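Everything on this sheet refers to the single structure shown next.
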There are 2 protein chains.
Amino acid sequence: MLVYRTVKIEEFDVKVFPMPRSTKPGKIEDVAAVAETSIMTVSRAIRGVEGVSEKKRVEILKIARKLNYVPNSNARSLAVANSNLIGISLPTFAGEVFAEILDGMRGTFDQAGYSSVIDTTQYNKDTELAWIRRLLSWQPAAIILTGIDHHPETRTLLASSRIPVLEIWDHTNTPIDTSVGIDHRMAGRVMAEHAKAQGYGAPAFVSTPRGYDIRADARLAGIRDVFGDQEGSEVLTARPSLENAFSTGFDGTLDILSRRDTDIIFYLNDNMAFGGIMACQSKGMTVPRDMGIVGFNGLDLTRVLPVQLTTVKTPRRQMGVVGARLLLARINGVKVAKSTVMPVQFVEGETTVLQSGAQGGSIG
Amino acid sequence: MLVYRTVKIEEFDVKVFPMPRSTKPGKIEDVAAVAETSIMTVSRAIRGVEGVSEKKRVEILKIARKLNYVPNSNARSLAVANSNLIGISLPTFAGEVFAEILDGMRGTFDQAGYSSVIDTTQYNKDTELAWIRRLLSWQPAAIILTGIDHHPETRTLLASSRIPVLEIWDHTNTPIDTSVGIDHRMAGRVMAEHAKAQGYGAPAFVSTPRGYDIRADARLAGIRDVFGDQEGSEVLTARPSLENAFSTGFDGTLDILSRRDTDIIFYLNDNMAFGGIMACQSKGMTVPRDMGIVGFNGLDLTRVLPVQLTTVKTPRRQMGVVGARLLLARINGVKVAKSTVMPVQFVEGETTVLQSGAQGGSIG
DNA sequence: CCTAACTACGTTAGCGTTAACGTAAATGTT
DNA sequence: AACATTTACGTTAACGCTAACGTAGTTAGG
């Protein structure tokens, strides 16, 4: 008869049994015993380093496989004083942007035999720092952080750790160690200049709260560089929610519409821009006749909208790949360029007017 | 003068300097030396286990902080023969679904002091197995897999490893160890029954290729359970692309429209359903008058569309949280329920007709 | 006041692996 | 043939930490 007690987890009652003792996994010594050789020879055979005859290597590998031998990375890492773990910190998994950067990196790291320890910070610097501390205890091969805005202690800690660090997505000339990203302020200027050239004069920006996503703030600064702050043509902002979501674009747009006669709205990203189009439509407005809409990122979304969204394409996956390769080079004892700026591409779509007449397609 | 050579990484020329030697991080012994005590006492103080006077503990912790001491997890894990790493395998980061499940889990694990080693398999079982092998070398505290469809060796390997395993998102009565998910076939039946009750009779299903996402296939099976396979009312399928994207819904819909007079289309998820709405609109059709549209998941997207999408809400974040808690219980020596089914919620929106008349809002 | 039971430490012996060095046999060199 | 070099191993000593046990000094109990 099995004896158990009942425990409540969430709303579920679960039965609790005493745990069976776990069987110990085999070690290198067991393989050596079967192969009738020393553990050092087995170690060499498994790692593929020289010093073992071809015949013996094949034999040892066969035995190891048969015994289902799994090397102990903890022991290895302890002995060599580093691991093949790579720490990756992202603000969030929401949205395609970080997912794509991550994908680019992970593919590269995976092939090189590294595993990824991933964290999300929710844009919180303390969370990031706490995670870094924990991560450092694993003696990771490298650490990747999103952006360049960190807790002051983060910089000191990482600089003194001598572990390769990559800051990705944003740009700075003074990274902790290495950075690969795009120049968001410049991207903001590019968008704004296009808009200004088309005759727009009363811009707005819909985003998450200031300081939450500093890249978005940098783009806003770029837009302000172009439009200035004269009464009537200054850049209005709406920041209705922390959520990087369609609904934030929708709500922010309604807010802007209630405040000033605005002729173009820039959004934190394409998702929000789409929310904005929907909001304009719900108010009986036509895009781009009554309102110019500019997104950011160039997501898949734009491939299916009835009109092409005006946006800025960011090389997310490529950025991940480039960053990962730089970091691998760095891990292999190579010192690389401190900062790499990736190019962005302005996409003139149909949600802003072409030159000075409403000629494109329209929604609404 | 610095000597370097130039190396090409991607299209970038990078300068290569010889690496400076890395400084060794401090160890527990260093803390003990400063505190004038034994390393065992420091170990106890840092881990917060009993056997140290309050006075000494405070003093040791202060010294450890001042020395910026970071414990070595590899050494710890080697000594105790397990780690506080948790491996999480997902098919992809694309889409909100896995991101949200992951978020629910990570929050819970993080609080409990576990780090997440994450992998994406691209729905490939061999990739998953290879990753599991590598992960096992870390003696992880637990492993989480998405779904229940794995490489045959995966099951053997994990079952013999005695490490807690959670299969999440899908449902089975015979999990490797523990499972938390929804019953996708049942969800398909629910959707189909609602549709049938409303008078729909010529259904289609737009998805990714068969076998790629077996949950989607299970839902299709559920729909077929209801609609049968009579000529004219059988469930047509379009599977235009591997990509879980708006554009897949768009293209698949165009394909369906070209093939049969269909009156309702079910989609792999809400994103694709939205692509489908757009495709119908591009053909001059009105939703729901000319076509019923049913999504899946109940994403944020649905909050901003001018009409409410008919869909099925899945408890993604909650599933992650429940799964994580069960697993934590399991790690702490508790044997829990093998299978947990989470409830889904059908959402009657405006993209299917109400009863037998077109009364809802419309797009197009 | 003597013994039992605790408290607060310290000592010893691994955990499984690899770097560094040692050594015998095989091969090459003159 | 004598010596140098290379190849293919084996031996030893860490890597930094913790479980298990040992031992003084302190408190409690009758």
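Chain labels run A, B, ... following the order of the structure tokens; each chain numbers its residues from 1, and ligands are numbered from 1 in the order shown.
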
Would you please give, as an mmCIF file with C-alpha atoms, in the first residue's frame, all residues of region 18-152 of chain B that DSSP assigns to strand (DSSP E) based on the backbone?
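Saved result, selection04.cif, follows:
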data_model
loop_
_atom_site.group_PDB
_atom_site.id
_atom_site.type_symbol
_atom_site.label_atom_id
_atom_site.label_comp_id
_atom_site.auth_asym_id
_atom_site.auth_seq_id
_atom_site.Cartn_x
_atom_site.Cartn_y
_atom_site.Cartn_z
ATOM 1 C CA LEU B 85 19.587 24.790 -13.470
ATOM 2 C CA ILE B 86 16.291 23.973 -15.115
ATOM 3 C CA GLY B 87 16.224 23.082 -18.775
ATOM 4 C CA ILE B 88 13.337 24.358 -20.877
ATOM 5 C CA SER B 89 12.770 23.262 -24.432
ATOM 6 C CA LEU B 90 10.398 25.151 -26.722
ATOM 7 C CA SER B 115 18.173 29.526 -13.629
ATOM 8 C CA SER B 116 16.740 28.515 -16.973
ATOM 9 C CA VAL B 117 18.710 26.893 -19.749
ATOM 10 C CA ILE B 118 16.511 27.367 -22.784
ATOM 11 C CA ASP B 119 16.493 25.716 -26.165
ATOM 12 C CA THR B 120 14.351 25.990 -29.264
ATOM 13 C CA ALA B 142 14.417 19.430 -13.829
ATOM 14 C CA ILE B 143 13.634 19.403 -17.524
ATOM 15 C CA ILE B 144 10.627 20.885 -19.273
ATOM 16 C CA LEU B 145 9.614 19.842 -22.735
ATOM 17 C CA THR B 146 6.913 21.295 -24.912
#

Counting only C-alpha atoms (C1' of nucleotides), chain B residues within 10 Å of chain C, as a PyMOL selection string: chain B and resi 37-41+50-53+75-81

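Near chain A, the residues of chain D that fall inside 7 Å (using only C-alpha atoms (C1' of nucleotides)) are DA8, DG10 and DC15 of chain D.
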
Please dump the current selection as a compact mmCIF listing (two decimals), in the first residue's frame; keep N, CA and C atoms (P, O5', C5', C4', C3', O3' and C1' of nucleotides).
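To be explicit, this is the file written out as selection.txt:
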# COMPACT_ATOMS: atom_id res chain seq x y z
P DA D 8 49.63 7.64 -31.73
O5' DA D 8 49.65 7.00 -30.28
C5' DA D 8 50.23 5.71 -30.08
C4' DA D 8 50.17 5.40 -28.61
C3' DA D 8 48.79 5.64 -27.97
O3' DA D 8 48.46 4.53 -27.14
C1' DA D 8 50.45 6.73 -26.74
P DG D 10 46.33 3.90 -20.21
O5' DG D 10 47.37 4.38 -19.10
C5' DG D 10 48.46 3.53 -18.75
C4' DG D 10 49.28 4.19 -17.65
C3' DG D 10 48.50 4.49 -16.36
O3' DG D 10 49.30 4.13 -15.23
C1' DG D 10 49.45 6.51 -17.22
P DC D 15 44.08 24.63 -6.98
O5' DC D 15 42.69 24.69 -7.73
C5' DC D 15 42.58 24.75 -9.14
C4' DC D 15 41.13 24.50 -9.50
C3' DC D 15 40.15 24.95 -8.42
O3' DC D 15 39.72 26.27 -8.72
C1' DC D 15 39.57 22.80 -9.37

Interatomic distance (Å, one decimal) between CA of Arg134 (chain B) and CA of Glu100 (chain A): 23.4 Å

Filtered DSSP result for region 53-209 of chain A, state helix (DSSP H, G or I), as a PyMOL selection string: chain A and resi 54-66+73-80+96-111+125-136+152-161+184-197

Selection from above, C-alpha atoms, as an mmCIF file, in the first residue's frame, can you write it?
data_model
loop_
_atom_site.group_PDB
_atom_site.id
_atom_site.type_symbol
_atom_site.label_atom_id
_atom_site.label_comp_id
_atom_site.auth_asym_id
_atom_site.auth_seq_id
_atom_site.Cartn_x
_atom_site.Cartn_y
_atom_site.Cartn_z
ATOM 1 C CA GLU A 54 42.468 5.818 -33.614
ATOM 2 C CA LYS A 55 41.698 2.222 -32.732
ATOM 3 C CA LYS A 56 41.394 2.881 -29.026
ATOM 4 C CA ARG A 57 39.361 6.033 -29.531
ATOM 5 C CA VAL A 58 36.751 4.242 -31.598
ATOM 6 C CA GLU A 59 36.565 1.462 -29.042
ATOM 7 C CA ILE A 60 36.201 3.843 -26.124
ATOM 8 C CA LEU A 61 33.514 5.889 -27.830
ATOM 9 C CA LYS A 62 31.583 2.752 -28.572
ATOM 10 C CA ILE A 63 31.741 1.662 -24.960
ATOM 11 C CA ALA A 64 30.790 5.120 -23.711
ATOM 12 C CA ARG A 65 27.748 5.125 -25.934
ATOM 13 C CA LYS A 66 26.769 1.649 -24.865
ATOM 14 C CA SER A 73 29.843 19.393 -16.991
ATOM 15 C CA ASN A 74 30.078 20.596 -13.427
ATOM 16 C CA ALA A 75 33.241 18.647 -12.860
ATOM 17 C CA ARG A 76 34.646 19.712 -16.189
ATOM 18 C CA SER A 77 33.852 23.350 -15.613
ATOM 19 C CA LEU A 78 35.360 23.208 -12.165
ATOM 20 C CA ALA A 79 38.546 21.684 -13.500
ATOM 21 C CA VAL A 80 38.990 24.087 -16.385
ATOM 22 C CA GLU A 96 9.034 39.399 -32.337
ATOM 23 C CA VAL A 97 12.034 41.645 -31.943
ATOM 24 C CA PHE A 98 13.904 39.988 -29.124
ATOM 25 C CA ALA A 99 12.698 36.589 -30.186
ATOM 26 C CA GLU A 100 14.383 37.079 -33.544
ATOM 27 C CA ILE A 101 17.614 38.470 -32.145
ATOM 28 C CA LEU A 102 17.684 35.546 -29.766
ATOM 29 C CA ASP A 103 17.033 33.093 -32.548
ATOM 30 C CA GLY A 104 19.938 34.422 -34.559
ATOM 31 C CA MET A 105 22.256 34.100 -31.605
ATOM 32 C CA ARG A 106 21.095 30.753 -30.360
ATOM 33 C CA GLY A 107 21.563 29.051 -33.694
ATOM 34 C CA THR A 108 25.154 30.196 -33.806
ATOM 35 C CA PHE A 109 25.924 29.306 -30.216
ATOM 36 C CA ASP A 110 24.269 25.954 -30.463
ATOM 37 C CA GLN A 111 26.419 24.908 -33.371
ATOM 38 C CA LYS A 125 18.036 47.038 -13.965
ATOM 39 C CA ASP A 126 18.022 45.536 -10.493
ATOM 40 C CA THR A 127 16.556 42.332 -11.830
ATOM 41 C CA GLU A 128 19.270 42.267 -14.434
ATOM 42 C CA LEU A 129 22.001 42.795 -11.884
ATOM 43 C CA ALA A 130 20.678 40.097 -9.577
ATOM 44 C CA TRP A 131 20.568 37.690 -12.482
ATOM 45 C CA ILE A 132 24.112 38.556 -13.510
ATOM 46 C CA ARG A 133 25.358 37.749 -10.026
ATOM 47 C CA ARG A 134 23.720 34.392 -10.112
ATOM 48 C CA LEU A 135 24.949 33.732 -13.593
ATOM 49 C CA LEU A 136 28.537 34.591 -12.755
ATOM 50 C CA PRO A 152 25.942 51.151 -12.284
ATOM 51 C CA GLU A 153 27.206 48.120 -10.420
ATOM 52 C CA THR A 154 26.626 45.938 -13.453
ATOM 53 C CA ARG A 155 29.370 47.688 -15.313
ATOM 54 C CA THR A 156 31.897 47.395 -12.505
ATOM 55 C CA LEU A 157 31.024 43.813 -11.816
ATOM 56 C CA LEU A 158 31.317 42.692 -15.405
ATOM 57 C CA ALA A 159 34.368 44.750 -16.208
ATOM 58 C CA SER A 160 36.224 43.160 -13.314
ATOM 59 C CA SER A 161 35.026 39.662 -14.174
ATOM 60 C CA HIS A 184 18.146 54.465 -32.499
ATOM 61 C CA ARG A 185 18.436 58.217 -32.338
ATOM 62 C CA MET A 186 19.665 58.222 -35.914
ATOM 63 C CA ALA A 187 16.780 55.960 -36.895
ATOM 64 C CA GLY A 188 14.397 58.454 -35.298
ATOM 65 C CA ARG A 189 15.939 61.259 -37.323
ATOM 66 C CA VAL A 190 15.648 59.301 -40.535
ATOM 67 C CA MET A 191 11.932 58.697 -39.955
ATOM 68 C CA ALA A 192 11.313 62.302 -39.033
ATOM 69 C CA GLU A 193 13.227 63.700 -41.961
ATOM 70 C CA HIS A 194 11.237 61.621 -44.398
ATOM 71 C CA ALA A 195 8.039 62.812 -42.766
ATOM 72 C CA LYS A 196 9.094 66.430 -42.760
ATOM 73 C CA ALA A 197 10.085 66.250 -46.419
#

Interatomic distance, CA of Pro175 (chain A) to CA of Ser339 (chain A) (Å, one decimal):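 Straight-line distance from CA of Pro175 (chain A) to CA of Ser339 (chain A) works out to 7.2 Å.
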